[in-house]
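Data file: input36.tsv. Format and content: TSV, C-alpha atoms.
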```
chain	number	residue	atom	x	y	z
W	1	MET	CA	-29.78	-2.80	29.25
W	2	GLY	CA	-28.13	0.54	28.47
W	3	LEU	CA	-26.51	1.77	31.67
W	4	PRO	CA	-27.88	-0.09	34.72
W	5	SER	CA	-29.02	1.99	37.68
W	6	ASP	CA	-26.18	0.55	39.79
W	7	SER	CA	-23.44	1.29	37.23
W	8	GLY	CA	-21.81	3.82	39.54
W	9	LEU	CA	-21.47	6.28	36.65
W	10	ASP	CA	-22.51	9.78	37.68
W	11	ILE	CA	-24.38	10.76	34.54
W	12	GLN	CA	-27.78	12.41	34.65
W	13	PHE	CA	-30.36	12.27	31.88
W	14	LYS	CA	-33.53	14.31	31.48
W	15	TRP	CA	-35.68	11.85	29.53
W	16	LYS	CA	-36.95	8.56	30.92
W	17	ALA	CA	-35.60	5.34	29.37
W	18	GLY	CA	-37.84	2.67	27.87
W	19	ARG	CA	-38.54	-0.71	29.46
W	20	ARG	CA	-35.43	-2.43	28.09
W	21	ASN	CA	-33.41	0.77	27.53
W	22	LEU	CA	-32.58	-0.59	24.07
W	23	ILE	CA	-33.35	0.44	20.50
W	24	THR	CA	-35.83	-2.44	20.45
W	25	ASP	CA	-38.13	-0.49	22.78
W	26	VAL	CA	-39.37	0.97	19.49
W	27	PRO	CA	-42.16	-1.49	18.60
W	28	GLY	CA	-41.25	-3.86	15.77
W	29	VAL	CA	-37.50	-3.20	15.80
W	30	LYS	CA	-35.27	-6.24	16.35
W	31	VAL	CA	-31.51	-6.80	16.60
W	32	GLY	CA	-29.48	-9.93	15.87
W	33	GLN	CA	-25.76	-10.56	16.33
W	34	VAL	CA	-23.03	-13.05	15.52
W	35	THR	CA	-19.76	-12.81	17.44
W	36	ILE	CA	-16.59	-14.32	15.94
W	37	GLN	CA	-13.87	-14.52	18.56
W	38	LYS	CA	-10.88	-16.86	18.59
W	39	GLY	CA	-7.26	-15.93	19.24
W	40	GLU	CA	-6.39	-12.98	17.03
W	41	VAL	CA	-9.88	-12.94	15.50
W	42	ASN	CA	-12.27	-10.47	17.14
W	43	THR	CA	-15.05	-9.48	14.77
W	44	GLY	CA	-18.68	-10.15	13.92
W	45	VAL	CA	-21.99	-8.87	12.59
W	46	THR	CA	-24.87	-6.88	14.05
W	47	ALA	CA	-28.16	-6.68	12.13
W	48	ILE	CA	-31.00	-4.22	12.78
W	49	LEU	CA	-34.44	-5.01	11.40
W	50	PRO	CA	-36.75	-1.96	11.31
W	51	HIS	CA	-39.75	-4.29	11.30
W	52	GLY	CA	-40.48	-8.01	11.04
W	53	GLY	CA	-42.16	-7.92	7.64
W	54	ASN	CA	-40.87	-7.70	4.08
W	55	LEU	CA	-38.77	-4.54	4.08
W	56	PHE	CA	-38.53	-4.39	0.30
W	57	ARG	CA	-42.31	-4.32	-0.09
W	58	GLU	CA	-42.91	-2.15	2.98
W	59	LYS	CA	-40.11	0.39	3.26
W	60	VAL	CA	-39.48	2.64	6.25
W	61	MET	CA	-38.90	6.35	5.87
W	62	ALA	CA	-35.32	7.33	6.76
W	63	GLY	CA	-32.63	10.00	6.75
W	64	VAL	CA	-28.82	9.90	6.81
W	65	SER	CA	-26.22	12.30	8.16
W	66	VAL	CA	-22.63	11.73	7.07
W	67	ILE	CA	-20.96	13.64	9.88
W	68	ASN	CA	-17.50	12.72	8.57
W	69	GLY	CA	-17.26	10.63	5.41
W	70	PHE	CA	-14.14	8.56	6.13
W	71	GLY	CA	-16.02	5.28	5.56
W	72	LYS	CA	-16.93	2.47	3.18
W	73	SER	CA	-20.61	1.89	3.86
W	74	THR	CA	-23.03	0.86	1.10
W	75	GLY	CA	-26.57	1.99	0.35
W	76	LEU	CA	-26.42	5.47	1.88
W	77	VAL	CA	-26.61	7.35	-1.43
W	78	GLN	CA	-30.05	5.95	-2.23
W	79	VAL	CA	-31.32	6.63	1.29
W	80	GLU	CA	-30.19	10.22	0.84
W	81	GLU	CA	-32.04	10.44	-2.49
W	82	LEU	CA	-35.26	8.53	-1.79
W	83	GLY	CA	-35.56	8.77	1.98
W	84	THR	CA	-36.37	5.10	2.55
W	85	ILE	CA	-34.75	1.91	3.85
W	86	GLU	CA	-35.69	-1.39	2.22
W	87	SER	CA	-33.34	-3.92	3.84
W	88	PRO	CA	-31.96	-4.82	7.26
W	89	ILE	CA	-29.12	-2.55	8.41
W	90	ILE	CA	-25.87	-4.48	8.80
W	91	LEU	CA	-22.92	-3.41	10.98
W	92	THR	CA	-19.57	-5.20	10.55
W	93	ASN	CA	-15.86	-4.56	9.95
W	94	THR	CA	-14.55	-2.54	7.01
W	95	LEU	CA	-13.13	-5.33	4.86
W	96	SER	CA	-16.24	-7.47	5.32
W	97	THR	CA	-18.54	-4.87	3.75
W	98	GLY	CA	-18.58	-6.68	0.40
W	99	THR	CA	-19.31	-10.07	1.97
W	100	ALA	CA	-22.17	-8.61	3.99
W	101	LEU	CA	-23.58	-6.85	0.93
W	102	THR	CA	-23.56	-10.06	-1.11
W	103	ALA	CA	-25.25	-11.96	1.71
W	104	MET	CA	-27.98	-9.36	2.03
W	105	VAL	CA	-28.61	-9.18	-1.72
W	106	LYS	CA	-29.12	-12.95	-1.74
W	107	TYR	CA	-31.39	-12.71	1.32
W	108	MET	CA	-33.54	-10.01	-0.24
W	109	MET	CA	-33.76	-11.79	-3.60
W	110	GLU	CA	-34.89	-14.98	-1.89
W	111	GLN	CA	-37.66	-13.03	-0.17
W	112	ASN	CA	-38.58	-11.15	-3.35
W	113	PRO	CA	-38.37	-13.15	-6.63
W	114	ASP	CA	-39.43	-10.02	-8.53
W	115	ILE	CA	-36.20	-8.14	-7.74
W	116	GLY	CA	-34.23	-7.52	-10.93
W	117	ILE	CA	-36.94	-9.07	-13.12
W	118	ASP	CA	-40.35	-7.44	-12.70
W	119	THR	CA	-39.05	-4.50	-10.71
W	120	GLY	CA	-35.76	-2.76	-9.93
W	121	THR	CA	-32.87	-4.01	-7.82
W	122	VAL	CA	-32.54	-3.67	-4.05
W	123	ASN	CA	-30.58	-1.16	-1.99
W	124	CYS	CA	-28.94	-3.05	0.89
W	125	ILE	CA	-27.39	-1.02	3.70
W	126	VAL	CA	-24.08	-2.23	5.13
W	127	THR	CA	-22.16	-0.06	7.57
W	128	GLU	CA	-18.65	-0.59	8.91
W	129	CYS	CA	-15.84	0.38	11.24
W	130	ASN	CA	-12.20	-0.72	11.14
W	131	ASP	CA	-11.60	-3.31	13.90
W	132	GLY	CA	-7.99	-3.93	12.83
W	133	ARG	CA	-6.50	-2.91	16.19
W	134	LEU	CA	-7.92	-6.06	17.79
W	135	ASN	CA	-8.95	-8.21	14.83
W	136	ASP	CA	-7.04	-9.99	12.07
W	137	ILE	CA	-9.01	-7.90	9.61
W	138	ARG	CA	-7.02	-9.12	6.58
W	139	GLY	CA	-8.20	-12.65	7.29
W	140	LEU	CA	-11.75	-11.80	6.12
W	141	HIS	CA	-13.26	-13.99	8.83
W	142	VAL	CA	-16.88	-12.84	8.39
W	143	ARG	CA	-18.77	-15.20	6.08
W	144	GLU	CA	-22.10	-14.80	4.31
W	145	ASP	CA	-23.65	-17.34	6.69
W	146	ASP	CA	-22.65	-15.17	9.65
W	147	VAL	CA	-24.57	-12.24	8.17
W	148	LEU	CA	-27.64	-14.36	7.47
W	149	GLN	CA	-27.51	-15.84	10.96
W	150	ALA	CA	-27.43	-12.37	12.52
W	151	VAL	CA	-30.57	-11.47	10.59
W	152	SER	CA	-32.37	-14.73	11.37
W	153	CYS	CA	-31.71	-14.54	15.13
W	154	ALA	CA	-32.88	-10.93	15.49
W	155	ALA	CA	-34.89	-10.41	18.68
W	156	GLU	CA	-36.08	-7.73	21.09
W	157	THR	CA	-33.28	-8.41	23.59
W	158	PHE	CA	-29.57	-8.52	22.78
W	159	GLU	CA	-26.16	-8.08	24.39
W	160	GLU	CA	-24.04	-4.96	24.41
W	161	GLY	CA	-20.29	-4.45	24.53
W	162	ALA	CA	-17.74	-6.61	22.72
W	163	VAL	CA	-20.30	-8.51	20.68
W	164	GLY	CA	-21.46	-8.69	17.07
W	165	GLY	CA	-20.01	-6.03	14.83
W	166	GLY	CA	-18.52	-4.39	17.92
W	167	THR	CA	-16.38	-7.37	18.98
W	168	GLY	CA	-13.08	-5.83	17.87
W	169	MET	CA	-13.84	-2.13	18.20
W	170	VAL	CA	-11.86	0.43	20.25
W	171	CYS	CA	-13.26	3.72	21.54
W	172	LEU	CA	-11.56	6.69	23.23
W	173	GLY	CA	-8.66	4.50	24.35
W	174	LEU	CA	-10.87	1.76	25.82
W	175	LYS	CA	-12.66	-1.30	24.49
W	176	GLY	CA	-15.60	-0.12	22.41
W	177	GLY	CA	-18.41	-2.06	20.78
W	178	ILE	CA	-22.19	-2.20	20.59
W	179	GLY	CA	-24.24	0.06	22.85
W	180	SER	CA	-27.91	0.94	22.96
W	181	SER	CA	-30.52	2.95	24.85
W	182	SER	CA	-33.98	4.46	24.47
W	183	ARG	CA	-36.02	7.48	25.51
W	184	LEU	CA	-39.77	7.87	26.07
W	185	LEU	CA	-41.76	10.92	24.96
W	186	GLN	CA	-45.43	11.75	25.38
W	187	ILE	CA	-46.72	13.74	22.43
W	188	ASP	CA	-50.34	14.82	22.00
W	189	GLY	CA	-51.35	12.37	24.72
W	190	THR	CA	-49.64	9.37	23.08
W	191	ASP	CA	-46.45	7.60	24.21
W	192	TYR	CA	-43.60	7.37	21.69
W	193	THR	CA	-40.04	6.03	21.78
W	194	VAL	CA	-36.68	7.10	20.39
W	195	GLY	CA	-34.03	4.36	20.42
W	196	ALA	CA	-30.34	4.38	19.56
W	197	LEU	CA	-27.75	1.73	18.74
W	198	VAL	CA	-24.09	2.50	18.15
W	199	MET	CA	-21.00	0.63	17.04
W	200	SER	CA	-18.31	2.71	18.79
W	201	ASN	CA	-14.78	2.75	17.38
W	202	PHE	CA	-13.77	6.40	17.54
W	203	GLY	CA	-11.93	8.95	19.62
W	204	GLU	CA	-8.54	9.88	21.00
W	205	ALA	CA	-7.23	8.26	24.18
W	206	GLY	CA	-7.37	10.73	27.03
W	207	ASN	CA	-10.43	12.59	25.73
W	208	LEU	CA	-13.23	10.50	27.27
W	209	VAL	CA	-15.88	12.50	29.11
W	210	ILE	CA	-18.70	10.89	31.14
W	211	GLY	CA	-21.27	13.11	32.79
W	212	GLY	CA	-19.01	16.13	32.33
W	213	ARG	CA	-16.01	14.45	33.99
W	214	HIS	CA	-12.81	13.99	32.01
W	215	ILE	CA	-11.29	10.49	32.22
W	216	ASP	CA	-7.67	10.12	31.13
W	217	THR	CA	-7.59	6.73	29.41
W	218	ARG	CA	-3.97	7.27	28.32
W	219	LYS	CA	-3.06	5.53	31.57
W	220	CYS	CA	-3.94	2.13	30.11
W	221	THR	CA	-3.14	2.33	26.42
W	222	ALA	CA	-0.40	3.49	24.07
W	223	GLY	CA	-2.77	3.64	21.09
W	224	CYS	CA	-5.52	5.94	19.84
W	225	ARG	CA	-3.42	9.09	20.05
W	226	ARG	CA	-5.64	10.62	17.36
W	227	ASP	CA	-9.40	10.72	16.84
W	228	THR	CA	-9.60	7.85	14.36
W	229	GLY	CA	-11.68	4.75	13.86
W	230	SER	CA	-15.35	5.67	13.21
W	231	ILE	CA	-18.79	5.25	14.73
W	232	ILE	CA	-22.03	4.01	13.25
W	233	ILE	CA	-25.16	5.45	14.86
W	234	VAL	CA	-28.64	4.10	14.17
W	235	LEU	CA	-31.68	5.92	15.54
W	236	ALA	CA	-35.16	4.39	15.44
W	237	THR	CA	-38.50	5.87	16.44
W	238	ASP	CA	-42.23	5.35	16.11
W	239	ILE	CA	-42.81	9.11	15.98
W	240	PRO	CA	-44.28	10.17	12.62
W	241	LEU	CA	-41.44	12.05	10.93
W	242	ASN	CA	-40.73	12.63	7.26
W	243	GLU	CA	-37.38	12.00	5.61
W	244	ARG	CA	-36.27	15.65	5.98
W	245	GLN	CA	-36.97	15.57	9.70
W	246	LEU	CA	-35.22	12.21	10.12
W	247	LYS	CA	-32.11	13.64	8.50
W	248	ARG	CA	-32.23	16.51	10.98
W	249	VAL	CA	-32.54	14.08	13.89
W	250	ALA	CA	-29.59	12.03	12.59
W	251	LYS	CA	-27.49	15.19	12.27
W	252	ARG	CA	-27.90	15.92	16.00
W	253	SER	CA	-25.87	12.80	16.79
W	254	MET	CA	-22.76	14.95	16.48
W	255	ILE	CA	-23.74	16.69	19.72
W	256	ALA	CA	-23.61	13.36	21.58
W	257	LEU	CA	-20.18	12.66	20.10
W	258	GLY	CA	-18.93	15.98	21.41
W	259	ARG	CA	-20.38	15.30	24.86
W	260	VAL	CA	-18.29	12.15	25.27
W	261	GLY	CA	-15.06	13.70	23.97
W	262	SER	CA	-14.90	13.36	20.18
W	263	TYR	CA	-13.96	16.10	17.75
W	264	CYS	CA	-14.71	13.96	14.66
W	265	GLY	CA	-11.12	13.76	13.50
W	266	ASN	CA	-9.88	13.48	9.94
W	267	GLY	CA	-9.67	9.68	9.99
W	268	SER	CA	-12.95	9.02	11.79
W	269	GLY	CA	-15.94	7.91	9.72
W	270	ASP	CA	-18.97	9.14	11.65
W	271	ILE	CA	-22.31	8.17	10.13
W	272	ALA	CA	-25.84	8.40	11.54
W	273	ILE	CA	-28.96	6.76	10.14
W	274	ALA	CA	-32.45	7.55	11.48
W	275	PHE	CA	-35.70	5.81	10.55
W	276	THR	CA	-39.30	5.79	11.68
W	277	THR	CA	-41.70	2.87	11.78
W	278	ALA	CA	-44.68	5.24	11.60
W	279	ASN	CA	-44.49	6.11	7.88
W	280	ASN	CA	-44.09	2.88	5.96
W	281	LEU	CA	-44.18	3.18	2.18
W	282	PRO	CA	-45.25	0.38	-0.19
W	283	HIS	CA	-43.04	-0.75	-3.05
W	284	TYR	CA	-46.14	-1.36	-5.14
W	285	SER	CA	-49.16	0.95	-5.03
W	286	LYS	CA	-52.30	1.38	-7.11
W	287	GLN	CA	-52.53	4.95	-5.86
W	288	SER	CA	-50.20	7.74	-6.92
W	289	ILE	CA	-50.79	9.83	-3.81
W	290	LEU	CA	-49.88	8.37	-0.43
W	291	ASN	CA	-50.80	9.67	3.00
W	292	VAL	CA	-47.95	10.19	5.46
W	293	LYS	CA	-47.67	12.14	8.70
W	294	MET	CA	-45.01	14.58	9.80
W	295	PHE	CA	-44.07	16.36	13.02
W	296	TYR	CA	-44.74	20.00	13.74
W	297	ASP	CA	-41.27	21.52	13.30
W	298	GLU	CA	-41.69	24.10	16.05
W	299	ASN	CA	-41.91	21.29	18.63
W	300	ILE	CA	-39.28	18.95	17.19
W	301	ASP	CA	-36.72	20.06	19.78
W	302	TRP	CA	-38.17	17.38	22.08
W	303	VAL	CA	-37.19	14.72	19.57
W	304	PHE	CA	-33.74	16.26	19.03
W	305	GLU	CA	-32.96	16.32	22.75
W	306	ALA	CA	-34.20	12.77	23.37
W	307	ALA	CA	-32.16	11.50	20.41
W	308	VAL	CA	-28.97	13.21	21.63
W	309	GLU	CA	-29.44	11.71	25.09
W	310	ALA	CA	-30.09	8.25	23.67
W	311	VAL	CA	-26.93	8.34	21.54
W	312	GLU	CA	-24.81	9.65	24.42
W	313	GLU	CA	-25.96	6.87	26.74
W	314	ALA	CA	-25.56	4.25	24.00
W	315	ILE	CA	-21.91	5.28	23.52
W	316	VAL	CA	-21.14	5.13	27.25
W	317	SER	CA	-23.06	1.85	27.49
W	318	SER	CA	-20.91	0.34	24.73
W	319	LEU	CA	-17.85	1.07	26.89
W	320	TYR	CA	-19.47	-0.03	30.13
W	321	HIS	CA	-20.54	-3.44	28.84
W	322	ALA	CA	-17.32	-4.15	26.90
W	323	ARG	CA	-14.84	-6.50	28.57
W	324	THR	CA	-11.06	-6.13	28.37
W	325	THR	CA	-9.93	-7.81	25.16
W	326	THR	CA	-6.55	-8.96	23.83
W	327	GLY	CA	-6.37	-9.45	20.10
W	328	VAL	CA	-4.13	-9.31	17.07
W	329	ARG	CA	-0.43	-8.55	17.63
W	330	GLY	CA	-1.02	-8.78	21.39
W	331	ASN	CA	-2.94	-5.50	21.52
W	332	THR	CA	-5.05	-5.15	24.65
W	333	TYR	CA	-7.80	-2.63	25.39
W	334	MET	CA	-9.52	-2.39	28.75
W	335	GLY	CA	-13.24	-2.28	29.34
W	336	LEU	CA	-14.53	0.80	31.15
W	337	ARG	CA	-15.47	-1.05	34.32
W	338	GLU	CA	-12.04	-2.67	34.64
W	339	PHE	CA	-10.37	0.67	33.91
W	340	LEU	CA	-12.30	2.48	36.62
W	341	GLU	CA	-11.55	-0.25	39.14
W	342	GLN	CA	-7.82	-0.04	38.43
W	343	TYR	CA	-7.18	3.61	37.69
W	344	GLU	CA	-10.05	5.79	38.80
W	345	ALA	CA	-12.26	6.45	41.81
W	346	PRO	CA	-15.93	5.65	41.12
W	347	LEU	CA	-17.67	8.35	39.13
```

Show me this structure written as structure tokens.
Amino acid sequence: MGLPSDSGLDIQFKWKAGRRNLITDVPGVKVGQVTIQKGEVNTGVTAILPHGGNLFREKVMAGVSVINGFGKSTGLVQVEELGTIESPIILTNTLSTGTALTAMVKYMMEQNPDIGIDTGTVNCIVTECNDGRLNDIRGLHVREDDVLQAVSCAAETFEEGAVGGGTGMVCLGLKGGIGSSSRLLQIDGTDYTVGALVMSNFGEAGNLVIGGRHIDTRKCTAGCRRDTGSIIIVLATDIPLNERQLKRVAKRSMIALGRVGSYCGNGSGDIAIAFTTANNLPHYSKQSILNVKMFYDENIDWVFEAAVEAVEEAIVSSLYHARTTTGVRGNTYMGLREFLEQYEAPL
């Protein structure tokens, strides 16, 4: 997926994409989605599983960068403190954060009867963007079963665009949503992957940039006159990085946002999470000292550049795959492909 070779978008990338050009090119990572779409309801859930095992017992090392903190996500404080993720990562709409959190707590407790009894509680990560421009967000249409279904159906292939948590999202004056891509790196003779998934709901109409070309999306929308709305960025890799390095990788996501035309406005919640599958940490251990690997900092620029490229393509891919959608109060936002056909010469 990502951007197909025949997309017609004139955007050049340095690093080669993985086989699927999805975050799931990172071995073990899976994504599941539930789309809720009927009339004025345009919302859903996207779930990212860092691996297929018990995440509470086998945590992945992670880092977080809160680029702009206008958001209502849960679980990020503990990731910042401990540098690990111990639950699936859920993406949904703002007012469904609590529902998703409750669903995931129940899911994790069912998997781990020791939670809250023989050991501590669980830190579930739920991220969000406000889909109220296209969705009846006050209707609270996401249910706990929707969240659990997204987790249970997680797979290596998945759709992009107006699906899952991205169903009702708007980005840079166009229809936003879920986008993904991946990049391949060869390090010390071994092949590694960096993958990105975004839920795009940010940016001011008229500011979109693709491959260095400005695209004036004000032609098709009266909304998004300010950089508001938010984006959730999730980066996955199988490169051995520690939590400090993962935070640094996540922080570079801001460069990709700037490349496509964002200035991270006051009302935009821009959050990036990065994790590696190479440094898993046990919840229980008989040993006090654990062996983990890290990357040589002087060469980490390769990882930074590949991550920025992956996020940039994932954002554009979210627009490319999104279809024109009409939602609450009659609001309509065009998909990128329809917009280019109607208003612009091919890029």

Subject >> Separation of CA of Gly44 in chain W from CA of Asp6 in chain W, in Å and rounded to one decimal >> reply: 29.0 Å

Subject >> Counting all atoms listed in the file, the option among W:Ile23, W:Ile210, W:Met294, W:Val34 closest to Pro50 in chain W >> reply: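 Among the listed residues, W:Ile23 lies closest to Pro50 in chain W.
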
Original post:
Leaving out Gln12 in chain W and any residue of its chain fewer than 5 positions from it, which residues lie within 12 Å of it when counting all atoms listed in the file, given as a list of chain:residue names?
Top reply: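 The filter keeps W:Leu3, W:Ser5, W:Ala17, W:Ile210, W:Gly211, W:Gly212, W:Arg213, W:Glu309, W:Ala310, W:Glu312, W:Glu313, W:Leu347.
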
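With CA of Glu86 in chain W on one side and CA of Val308 in chain W on the other, the separation reads 25.2 Å.
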
**OP:** Give the answer as one residue: which of W:Phe158, W:Phe70, W:Phe13, W:Phe295 has the shortest atom-to-atom distance to Glu128 in chain W, using all atoms listed in the file?
**Re:**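 Of W:Phe158, W:Phe70, W:Phe13, W:Phe295, the one nearest Glu128 in chain W, counting all atoms listed in the file, is W:Phe70.
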
**OP:** Pick out the residues sitting within 9 Å of Ala322 in chain W, and hand them over as a PyMOL selection string; count all atoms listed in the file, and ignore anything fewer than 5 positions along from it in its own chain.
**Re:** chain W and resi 160-163+167+174-178+317+334-337

At a cut-off of 6 Å, can you tabulate as a Markdown table every residue of range 251-337 of chain W near range 237-247 of chain W together with its closest atom pair and the distance in Å to one decimal, using only C-alpha atoms and ordering rows by chain then number?
```
| residue | atom | partner | partner_atom | distance |
| --- | --- | --- | --- | --- |
| W:Ala274 | CA | W:Leu246 | CA | 5.6 |
| W:Thr276 | CA | W:Thr237 | CA | 4.8 |
| W:Thr277 | CA | W:Asp238 | CA | 5.0 |
| W:Ala278 | CA | W:Pro240 | CA | 5.1 |
| W:Lys293 | CA | W:Pro240 | CA | 5.5 |
| W:Met294 | CA | W:Leu241 | CA | 4.5 |
| W:Phe295 | CA | W:Leu241 | CA | 5.5 |
```

Subject >> Interatomic distance, CA of Gly120 in chain W to CA of Ala154 in chain W (Å, one decimal) >> reply: 26.9 Å

Subject >> Long-range neighbours of Leu257 in chain W as number ranges by chain, 9 Å cut-off, only C-alpha atoms, 4 positions minimum in chain >> reply: W: 253, 261-264, 308, 311-312, 315

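With all atoms listed in the file as the basis for measurement, W:His141 is the residue among W:Arg329, W:His141, W:Lys72, W:Arg323 that approaches Gln37 in chain W most closely.
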
Subject >> Shortest interatomic distance to Gly18 in chain W - which of W:Cys129, W:Ala196, W:Val328, W:Leu290, counting all atoms listed in the file >> reply: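 The answer is W:Ala196, which sits nearest to Gly18 in chain W.
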
As an mmCIF file, in the frame of the given file, please: range 52-77 of chain W completed to N, CA and C atoms.
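Just written: rebuild-v9.cif:
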```cif
data_model
loop_
_atom_site.group_PDB
_atom_site.id
_atom_site.type_symbol
_atom_site.label_atom_id
_atom_site.label_comp_id
_atom_site.auth_asym_id
_atom_site.auth_seq_id
_atom_site.Cartn_x
_atom_site.Cartn_y
_atom_site.Cartn_z
ATOM 1 N N GLY W 52 -40.581 -6.574 11.284
ATOM 2 C CA GLY W 52 -40.480 -8.010 11.040
ATOM 3 C C GLY W 52 -41.078 -8.470 9.725
ATOM 4 N N GLY W 53 -41.562 -7.552 8.918
ATOM 5 C CA GLY W 53 -42.160 -7.920 7.640
ATOM 6 C C GLY W 53 -41.167 -7.885 6.501
ATOM 7 N N ASN W 54 -41.689 -7.764 5.283
ATOM 8 C CA ASN W 54 -40.870 -7.700 4.080
ATOM 9 C C ASN W 54 -40.475 -6.246 3.846
ATOM 10 N N LEU W 55 -39.220 -5.925 4.151
ATOM 11 C CA LEU W 55 -38.770 -4.540 4.080
ATOM 12 C C LEU W 55 -38.734 -3.987 2.662
ATOM 13 N N PHE W 56 -38.554 -4.855 1.686
ATOM 14 C CA PHE W 56 -38.530 -4.390 0.300
ATOM 15 C C PHE W 56 -39.926 -3.927 -0.123
ATOM 16 N N ARG W 57 -40.938 -4.655 0.284
ATOM 17 C CA ARG W 57 -42.310 -4.320 -0.090
ATOM 18 C C ARG W 57 -42.913 -3.247 0.814
ATOM 19 N N GLU W 58 -42.409 -3.138 2.031
ATOM 20 C CA GLU W 58 -42.910 -2.150 2.980
ATOM 21 C C GLU W 58 -41.726 -1.407 3.577
ATOM 22 N N LYS W 59 -41.319 -0.346 2.907
ATOM 23 C CA LYS W 59 -40.110 0.390 3.260
ATOM 24 C C LYS W 59 -40.391 1.337 4.435
ATOM 25 N N VAL W 60 -39.344 1.644 5.194
ATOM 26 C CA VAL W 60 -39.480 2.640 6.250
ATOM 27 C C VAL W 60 -38.831 3.947 5.812
ATOM 28 N N MET W 61 -39.434 5.043 6.209
ATOM 29 C CA MET W 61 -38.900 6.350 5.870
ATOM 30 C C MET W 61 -37.642 6.604 6.708
ATOM 31 N N ALA W 62 -36.618 7.216 6.101
ATOM 32 C CA ALA W 62 -35.320 7.330 6.760
ATOM 33 C C ALA W 62 -34.561 8.569 6.307
ATOM 34 N N GLY W 63 -33.556 8.922 7.096
ATOM 35 C CA GLY W 63 -32.630 10.000 6.750
ATOM 36 C C GLY W 63 -31.225 9.621 7.181
ATOM 37 N N VAL W 64 -30.225 10.195 6.532
ATOM 38 C CA VAL W 64 -28.820 9.900 6.810
ATOM 39 C C VAL W 64 -28.061 11.196 7.026
ATOM 40 N N SER W 65 -27.153 11.187 7.987
ATOM 41 C CA SER W 65 -26.220 12.300 8.160
ATOM 42 C C SER W 65 -24.804 11.750 8.144
ATOM 43 N N VAL W 66 -24.044 12.102 7.129
ATOM 44 C CA VAL W 66 -22.630 11.730 7.070
ATOM 45 C C VAL W 66 -21.859 12.834 7.780
ATOM 46 N N ILE W 67 -21.621 12.621 9.054
ATOM 47 C CA ILE W 67 -20.960 13.640 9.880
ATOM 48 C C ILE W 67 -19.512 13.814 9.424
ATOM 49 N N ASN W 68 -18.823 12.698 9.189
ATOM 50 C CA ASN W 68 -17.500 12.720 8.570
ATOM 51 C C ASN W 68 -17.413 11.485 7.677
ATOM 52 N N GLY W 69 -17.087 11.679 6.400
ATOM 53 C CA GLY W 69 -17.260 10.630 5.410
ATOM 54 C C GLY W 69 -16.089 9.690 5.214
ATOM 55 N N PHE W 70 -15.265 9.498 6.231
ATOM 56 C CA PHE W 70 -14.140 8.560 6.130
ATOM 57 C C PHE W 70 -14.691 7.154 6.379
ATOM 58 N N GLY W 71 -15.362 6.569 5.356
ATOM 59 C CA GLY W 71 -16.020 5.280 5.560
ATOM 60 C C GLY W 71 -16.342 4.589 4.256
ATOM 61 N N LYS W 72 -16.717 3.318 4.352
ATOM 62 C CA LYS W 72 -16.930 2.470 3.180
ATOM 63 C C LYS W 72 -18.302 1.804 3.209
ATOM 64 N N SER W 73 -19.275 2.455 3.789
ATOM 65 C CA SER W 73 -20.610 1.890 3.860
ATOM 66 C C SER W 73 -21.254 1.822 2.482
ATOM 67 N N THR W 74 -22.288 0.968 2.362
ATOM 68 C CA THR W 74 -23.030 0.860 1.100
ATOM 69 C C THR W 74 -24.496 1.220 1.351
ATOM 70 N N GLY W 75 -25.136 1.749 0.318
ATOM 71 C CA GLY W 75 -26.570 1.990 0.350
ATOM 72 C C GLY W 75 -26.985 3.363 0.817
ATOM 73 N N LEU W 76 -26.048 4.186 1.308
ATOM 74 C CA LEU W 76 -26.420 5.470 1.880
ATOM 75 C C LEU W 76 -26.845 6.484 0.817
ATOM 76 N N VAL W 77 -26.292 6.377 -0.375
ATOM 77 C CA VAL W 77 -26.610 7.350 -1.430
ATOM 78 C C VAL W 77 -28.096 7.285 -1.778
#
```
